[in-house]
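Novice: Handing you this structure, nothing more for now.
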Amino acid sequence: MAASPASPDAQYPDRLPSDTASHAAPADRQIGPYRLRELIGEGGFGDVWRAEQTEVVQREVAVKIIKTGMDTAQVLARFHLERQALATLEHPNIATLLDAGVSTAGKPWFAMELVRGGPVTHWCEAHEATIPQRLGLFVQICRAVQHAHEKGILHRDLKPNNILMAESADKPMPKVIDFGVAMALDVSSLDRLTRLTQGDQVIGTPLYMSPEQLEGRQELDVRSDVYALGVLLYELLTGLLPFHTTSQGAAGIEAVKQLILETVPERPSTRVRRKTTAQGSTAVRPRALVAAMCADLDWITLCALEKDRARRYASVAELAADVERHLAGERVLARPPSLAYGAGRWFRRHRTLCIAAAAGSVITGAALGPPMMARRAQSGPPGPVQAAADGFFTNSLGMKFVPLPGNDAFICIHETRRQDYATYAERVSTVSDRWKTPGVSTPQGPRHPCGDQDGHPIVMVSWEDSRFFCTWLSAQEGRTYRLPTDAEWSLAAGLAEDRPAGTSPAVLSDKDATHFPWGGDYPPTTANLPGNYADAACHDWFPDVPSLDRFSDGFVTTSPVMSFKPNALRLYDLGGNVSEWCEDWYDAARKKRVVRGSFFMSSRRDEMLSSHRHSGEPNRRMNGVGFRCILEKRTPAARATFTPPPPPPPPAKYRPPEPLPRVSFPSPLPADEVARRSFTNSLGMKFVPVPSSRVLVCIHETRRQDYTAFAREVPESQAGTAWRSASR
């Protein structure tokens with residue numbers, strides 16, 4: 001928690017004035033083992049105090065406690081769930097939750113690490129941080145926010161006062177604080193918090209809120225936090241907010257809202273030059289800042305600040321990756337269509353000027369074209385893949401990879417997500433849209449909605465679909481993506497070290513027959529968070545699927561990637577969630593491909609083994625099958641070329657059915673013959689003779705009571721219990 005100024009508005013003239021409430025000290029300054037010393041910040045419903053821990057150890061902490069008079073049922077529930085949200089976050093750039101409890105006066109509280117520095121923007125100004133230093137801090141902030149997103153939590157109030165600087169002996173470190181207005185991204189994560197802070201509520205700080213958050217009409221997603229980080233990046237680069245809000249602030253929230261929704265911010269580089277010129281400064285530092293403001297930073301910032309969220313970065317990881325590309329001297333991805341979109345708007349505003357300058361631009365283009373083309377030809381593919389300081393490599397889609405031991409390759413830590421595949425499908429028109437409609441048929445409806453959301457793994461893609469995705473991504477990034485081999489998948493699951501060299505994959509070692517993704521014990525337990533498997537909730541939706549006794553994973557179908565514990569290599573969902581396509585052929589006839597891992601309907605012991613494999617035809621799409629990518633470390637000799645998949649075949653033309661052949665039926669039997677040959681069995685089922693044969697046929701369908709008698713006498717039958725809950 002933060003040592004944040006209680007009234008920061010005077011330091012930010014562009015901000016809206018905040019309501020300042022009186023803060024009476026609690027009657028009892030002793031909260032648990034902590035002695036309250038000084039009020040250092042305030043939130044919407046809680047105050048933050050600097051406190052001293054007086055028991056067990058002696059240290060200073062930050063204690064947040066409910067304000068007097070704010071202890072309504074809804075506020076108390078939200079406060080409790082803020083503590084729950086913080087308890088799930090473990091990141092060096094997020095303030096750590098230390099303790100929680102209830103005071104003697106009945107007020108809930110929690111204690112966090114005390115962050116002594118001020119807002120990140122103040123720190124950068126006070127230390128005259130260079131642009132690369134500011135961008136380095138910004139990347140750390142992005143990684144913290146991305147961690148929260150991966151845990152299913154949307155911050156919704158990112159601003160400098162909620163990002164404080166912790167000075168350390170090694171390096172300055174920003175800390176994200178105040179998840180008091182956070183929102184859960186899916187029903188699997190903090191469901192009650194979602195209901196308490198609905199997406200249509202305008203909650204947050206207006207000048208850092210995305211247009212959709214201000215309007216309160218659209219369901220929020222991670223791109224709302226991307227926008228807030230874009231405002232922060234603008235402020236770090238220029239020292240100013242993107243919008244001139246001094247006059248509008250006096251006119252009220254509606255004027256500010258209209259300004260943000262309708263006004264396009266100036267480029268950061270233009271704003272810095274205008275600010276420097278207005279100040280008449282000739283100092284070295286302002287001129288150095290102006291020189292460091294290149295077009296790359298303009299496009300990165302404005303891409304994050306797009307009013308249409310479909311044009312923003314799809315994730316915070318993607319924003320951070322583009323900033324890192326700029327720092328590394330690589331080409332950034334904030335280019336057309338965003339560039340073309342911005343250029344079109346500029347042309348409409350300056351049509352006359354553009355026409356007047358057309359002739360000059362032709363001459364300039366002829367002069368500059370060859371040198372620019374030469375520079376482009378010299379820029380080859382990116383260098384070998386290297387992990388960042390945290391051990392991960394994050395690509396342009398925000399997919400994280402770790403090295404695969406013993407191989408010259410990285411493996412994605414999670415299955416390919418719906419949003420990853422959606423980006424590909426949006427840009428390649430011939431991609432089949434079968435993945436959009438998972439074929440899950442249930443008694444309650446055609447499909448379950450939780451598998452249709454971002455964050456969940458992609459399903460209903462064939463092996464061929466997966467290969468096309470890898471080839472497309474290779475061409476986009478100039479790297480080599482592919483599907484894992486069967487041996488690489490085993491290595492990732494922790495099996496290859498026990499298999500003698502040259503042994504067929506069909507032969508299991510002792511460990512192969514006892515090794516599960518969560519360890520060696522069976523069955524899995526909920527407490528171990530082993531993965532996504534069939535439980536009672538799944539059985540309710542799919543009565544034909546047996547469930548694991550006394551096990552619950554909280555999901556009916558797939559879960560968001562990385563919902564459960566990773567293995568030793570930091571890989572998630574190598575069992576459960578979805579099965580995954582591999583590169584190898586399954587059969588000698590080369591008609592089927594290897595599919596590894598169990599999926600969300602698995603409950604049988606052999607299906608849940610890490611060694612489990614089955615097969616699928618390369619062009620077959622199955623509801624429980626997705627894929628994860630391998631990224632080769634080496635630099636490819638030539639940039640991959642992508643050939644789009646063929647368009648889906650047109651629907652077959654209707655052909656009327658062939659006429660049925662004429663059939664002559666035997667004459668009915670006489671009534672006395674029917675009576676003589678009829679038969680009633682022990683269950684009361686009546687049978688009559690079929691003309692021209694020695695066969696008797698039951699006069700009605702087999703009834704439920706007939707089948708019930710069978711199931712009662714033969715409990716070990718293979719029929720299962722699905723017939724009991726079948727819809728009528």
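Chain labels A, B, ... are given in the sequence in which chains occur in the structure tokens; within each chain residues are numbered consecutively from 1, and ligands are likewise numbered from 1 in the order shown.
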Mind listing the helix (DSSP H, G or I) residues of region 555-654 of chain A, per DSSP on the backbone, as an NGL selection string?
Specialist: :A and (605-608)
Novice: Using DSSP secondary structure from the backbone, list all strand (DSSP E or B) positions within region 498-715 of chain A, as an MDAnalysis selection string.
Specialist: chainID A and resid 516 519 579:585 593:596 613:616 625:626 630:632 679:680 686:689 696:698
Novice: Excluding Tyr34 (chain A) and residues on its chain fewer than 2 positions from it, collect all residues at most 9 Å away from it, counting only C-alpha atoms, and give them as a ChimeraX atom specification.
Specialist: /A:29-32,36,51-55,60-61,63,111
Novice: Considering only C-alpha atoms, can you say which of A:His244, A:Lys436, A:Arg605, A:Arg694 comes closest to Leu207 (chain A)?
Specialist: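 Checking each candidate against Leu207 (chain A), we get A:His244 as the closest.
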Novice: Which neighbours of Ser490 (chain A) fall inside 10 Å, counting only C-alpha atoms, when residues of the same chain fewer than 2 positions from it are skipped, and could you give them as a list in words?
Specialist: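 The neighbour list is Pro484, Thr485, Asp486, Ala487, Glu488, Ala492, Ala493, Gly494, Leu495, Ala496, Glu497, Arg499, Pro505, Asp512, Leu574, Arg596, Gly597, Ser610, Ser611 and His612 of chain A.
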Novice: Residues as selected, C-alpha atoms, written as a compact mmCIF listing (two decimals), in the first residue's frame, can you do that?
Specialist:
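Result written to selection-v7.txt:
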# COMPACT_ATOMS: atom_id res chain seq x y z
CA PRO A 484 5.17 -29.52 -30.86
CA THR A 485 6.32 -33.01 -31.75
CA ASP A 486 5.07 -35.92 -29.68
CA ALA A 487 8.50 -36.21 -28.02
CA GLU A 488 8.58 -32.47 -27.20
CA ALA A 492 7.25 -30.68 -21.48
CA ALA A 493 5.09 -33.02 -19.38
CA GLY A 494 8.16 -34.44 -17.58
CA LEU A 495 8.21 -37.92 -19.14
CA ALA A 496 11.06 -38.08 -21.64
CA GLU A 497 13.82 -38.53 -19.06
CA ARG A 499 12.14 -43.31 -21.73
CA PRO A 505 6.18 -43.84 -27.94
CA ASP A 512 4.53 -43.10 -17.62
CA LEU A 574 -0.76 -30.13 -20.00
CA ARG A 596 -1.96 -35.30 -26.42
CA GLY A 597 -3.43 -34.62 -23.00
CA SER A 610 0.51 -37.46 -18.70
CA SER A 611 1.37 -40.15 -21.24
CA HIS A 612 -2.19 -40.31 -22.60
Novice: Quick one, how far is CA of Ala637 (chain A) from CA of Val385 (chain A)?
Specialist: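 Atom-to-atom, CA of Ala637 (chain A) and CA of Val385 (chain A) are spaced 14.1 Å apart.
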Novice: Neighbours of Met112 (chain A) within 6 Å (only C-alpha atoms; same-chain residues fewer than 4 positions away dropped), as a ChimeraX atom specification?
Specialist: /A:1,61-62,96-98
Novice: For the residues in that selection, give me all heavy atoms as a PDB file, in the first residue's frame.
Specialist:
ATOM      1  N   MET A   1       0.863  -1.172   0.000  1.00  0.00           N
ATOM      2  CA  MET A   1       0.000   0.000   0.000  1.00  0.00           C
ATOM      3  C   MET A   1       0.896   1.218   0.000  1.00  0.00           C
ATOM      4  O   MET A   1       2.073   1.165   0.263  1.00  0.00           O
ATOM      5  CB  MET A   1      -0.937  -0.038   1.195  1.00  0.00           C
ATOM      6  CG  MET A   1      -1.904   1.116   1.274  1.00  0.00           C
ATOM      7  SD  MET A   1      -2.925   1.343  -0.183  1.00  0.00           S
ATOM      8  CE  MET A   1      -3.969  -0.089  -0.078  1.00  0.00           C
ATOM      9  N   VAL A  61       4.212  -0.457   8.062  1.00  0.00           N
ATOM     10  CA  VAL A  61       3.340  -0.991   7.021  1.00  0.00           C
ATOM     11  C   VAL A  61       2.296   0.068   6.689  1.00  0.00           C
ATOM     12  O   VAL A  61       2.210   1.115   7.338  1.00  0.00           O
ATOM     13  CB  VAL A  61       2.641  -2.294   7.475  1.00  0.00           C
ATOM     14  CG1 VAL A  61       3.658  -3.371   7.809  1.00  0.00           C
ATOM     15  CG2 VAL A  61       1.723  -2.025   8.670  1.00  0.00           C
ATOM     16  N   ALA A  62       1.499  -0.222   5.663  1.00  0.00           N
ATOM     17  CA  ALA A  62       0.340   0.605   5.338  1.00  0.00           C
ATOM     18  C   ALA A  62      -0.910  -0.184   5.683  1.00  0.00           C
ATOM     19  O   ALA A  62      -1.034  -1.349   5.307  1.00  0.00           O
ATOM     20  CB  ALA A  62       0.343   0.983   3.861  1.00  0.00           C
ATOM     21  N   THR A  96       2.487  -5.881  -1.834  1.00  0.00           N
ATOM     22  CA  THR A  96       2.173  -7.191  -1.262  1.00  0.00           C
ATOM     23  C   THR A  96       1.213  -7.082  -0.087  1.00  0.00           C
ATOM     24  O   THR A  96       1.382  -6.243   0.799  1.00  0.00           O
ATOM     25  CB  THR A  96       3.465  -7.878  -0.792  1.00  0.00           C
ATOM     26  OG1 THR A  96       4.379  -7.936  -1.889  1.00  0.00           O
ATOM     27  CG2 THR A  96       3.186  -9.285  -0.294  1.00  0.00           C
ATOM     28  N   LEU A  97       0.200  -7.940  -0.078  1.00  0.00           N
ATOM     29  CA  LEU A  97      -0.703  -8.049   1.068  1.00  0.00           C
ATOM     30  C   LEU A  97       0.009  -8.811   2.183  1.00  0.00           C
ATOM     31  O   LEU A  97       0.537  -9.900   1.966  1.00  0.00           O
ATOM     32  CB  LEU A  97      -1.984  -8.790   0.658  1.00  0.00           C
ATOM     33  CG  LEU A  97      -3.019  -9.006   1.758  1.00  0.00           C
ATOM     34  CD1 LEU A  97      -3.654  -7.684   2.156  1.00  0.00           C
ATOM     35  CD2 LEU A  97      -4.098  -9.983   1.287  1.00  0.00           C
ATOM     36  N   LEU A  98       0.035  -8.233   3.393  1.00  0.00           N
ATOM     37  CA  LEU A  98       0.753  -8.836   4.516  1.00  0.00           C
ATOM     38  C   LEU A  98      -0.169  -9.477   5.547  1.00  0.00           C
ATOM     39  O   LEU A  98       0.148 -10.518   6.124  1.00  0.00           O
ATOM     40  CB  LEU A  98       1.622  -7.772   5.210  1.00  0.00           C
ATOM     41  CG  LEU A  98       2.662  -7.065   4.339  1.00  0.00           C
ATOM     42  CD1 LEU A  98       3.336  -5.958   5.138  1.00  0.00           C
ATOM     43  CD2 LEU A  98       3.691  -8.054   3.814  1.00  0.00           C
TER      44      LEU A  98
END
Novice: If we count only C-alpha atoms and set the cut-off at 10 Å, which residues sit around region 146-148 of chain A, ignoring sequence neighbours fewer than 6 positions away in its own chain? Please answer as JSON, numbers by chain.
Specialist: {"A": [85, 86, 88, 89, 90, 91, 93, 94, 140, 154, 155, 179, 182, 184, 222, 225, 226, 315, 316, 317, 318, 320, 398]}
Novice: Could you write those residues out with N, CA, C and O atoms, as a compact mmCIF listing (two decimals), in the first residue's frame?
Specialist:
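Generated file (result31.txt):
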# COMPACT_ATOMS: atom_id res chain seq x y z
N ALA A 85 -8.89 -10.22 -3.85
CA ALA A 85 -8.20 -9.99 -5.12
C ALA A 85 -6.71 -9.85 -4.90
O ALA A 85 -5.89 -10.44 -5.61
N LEU A 86 -6.32 -9.05 -3.90
CA LEU A 86 -4.90 -8.83 -3.62
C LEU A 86 -4.22 -10.12 -3.19
O LEU A 86 -3.04 -10.34 -3.48
N THR A 88 -4.59 -12.97 -4.36
CA THR A 88 -4.26 -13.82 -5.51
C THR A 88 -3.10 -13.28 -6.32
O THR A 88 -2.60 -13.98 -7.21
N LEU A 89 -2.65 -12.05 -6.06
CA LEU A 89 -1.62 -11.41 -6.88
C LEU A 89 -0.26 -11.54 -6.22
O LEU A 89 -0.07 -11.18 -5.06
N GLU A 90 0.68 -12.07 -6.98
CA GLU A 90 2.06 -12.21 -6.50
C GLU A 90 2.98 -11.72 -7.61
O GLU A 90 3.30 -12.44 -8.55
N HIS A 91 3.38 -10.46 -7.51
CA HIS A 91 4.22 -9.86 -8.55
C HIS A 91 5.11 -8.81 -7.89
O HIS A 91 4.65 -8.07 -7.00
N ASN A 93 6.00 -6.00 -8.82
CA ASN A 93 5.55 -4.63 -9.05
C ASN A 93 4.12 -4.39 -8.58
O ASN A 93 3.48 -3.44 -9.00
N ILE A 94 3.61 -5.26 -7.70
CA ILE A 94 2.32 -5.05 -7.06
C ILE A 94 2.55 -5.10 -5.55
O ILE A 94 3.20 -6.02 -5.04
N GLN A 140 7.68 -2.26 -16.69
CA GLN A 140 7.46 -2.95 -15.42
C GLN A 140 6.00 -2.82 -14.96
O GLN A 140 5.39 -3.79 -14.48
N LEU A 154 -9.43 -6.93 -13.53
CA LEU A 154 -9.28 -5.66 -14.25
C LEU A 154 -9.16 -4.55 -13.22
O LEU A 154 -9.99 -4.44 -12.33
N HIS A 155 -8.11 -3.70 -13.31
CA HIS A 155 -7.85 -2.70 -12.28
C HIS A 155 -8.89 -1.58 -12.31
O HIS A 155 -9.48 -1.22 -11.29
N PHE A 179 -6.62 -1.75 -5.58
CA PHE A 179 -7.54 -2.53 -6.42
C PHE A 179 -8.96 -2.41 -5.88
O PHE A 179 -9.77 -3.32 -6.03
N ALA A 182 -11.54 -2.69 -8.65
CA ALA A 182 -11.25 -3.72 -9.64
C ALA A 182 -12.51 -4.49 -10.01
O ALA A 182 -13.48 -4.52 -9.27
N ALA A 184 -13.83 -8.30 -11.88
CA ALA A 184 -13.45 -9.61 -12.39
C ALA A 184 -13.71 -9.68 -13.89
O ALA A 184 -14.69 -9.16 -14.39
N VAL A 222 -9.83 -6.02 -20.95
CA VAL A 222 -8.46 -5.57 -20.65
C VAL A 222 -8.08 -4.32 -21.43
O VAL A 222 -7.18 -3.58 -21.01
N ASP A 225 -7.97 -1.06 -19.42
CA ASP A 225 -6.71 -0.79 -18.71
C ASP A 225 -5.61 -0.39 -19.69
O ASP A 225 -4.71 0.39 -19.34
N VAL A 226 -5.64 -0.92 -20.93
CA VAL A 226 -4.67 -0.50 -21.95
C VAL A 226 -4.80 1.01 -22.18
O VAL A 226 -3.79 1.72 -22.28
N SER A 315 -3.99 -6.33 -25.74
CA SER A 315 -3.65 -6.68 -24.36
C SER A 315 -2.55 -5.76 -23.88
O SER A 315 -1.86 -5.10 -24.67
N VAL A 316 -2.36 -5.72 -22.57
CA VAL A 316 -1.27 -4.94 -21.98
C VAL A 316 0.07 -5.54 -22.38
O VAL A 316 1.05 -4.82 -22.59
N ALA A 317 0.13 -6.87 -22.48
CA ALA A 317 1.38 -7.52 -22.89
C ALA A 317 1.79 -7.07 -24.28
O ALA A 317 2.98 -6.88 -24.57
N GLU A 318 0.82 -6.89 -25.17
CA GLU A 318 1.12 -6.43 -26.53
C GLU A 318 1.65 -5.00 -26.51
O GLU A 318 2.58 -4.67 -27.25
N ALA A 320 3.27 -3.57 -23.96
CA ALA A 320 4.63 -3.64 -23.40
C ALA A 320 5.62 -4.17 -24.42
O ALA A 320 6.76 -3.69 -24.51
N GLY A 398 0.99 -11.41 -27.16
CA GLY A 398 0.96 -11.55 -25.72
C GLY A 398 1.08 -12.98 -25.24
O GLY A 398 0.87 -13.26 -24.06
Novice: Given the choices A:Ala537, A:Leu529, A:Leu609, A:Met399, which gets closest to Ala513 (chain A) if the distance is worked out from only C-alpha atoms?
Specialist: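 Under the stated criterion, the closest residue is A:Leu609.
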Novice: If we count only C-alpha atoms and set the cut-off at 10 Å, which residues sit around region 698-703 of chain A, ignoring sequence neighbours fewer than 3 positions away in its own chain? Please answer as a list of chain:residue names.
Specialist: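 Close residues of region 698-703 of chain A: A:Ser678, A:Phe679, A:Thr680, A:Leu683, A:Met685, A:Lys686, A:Phe687, A:Val688, A:Pro689, A:Asp706, A:Tyr707, A:Thr708.
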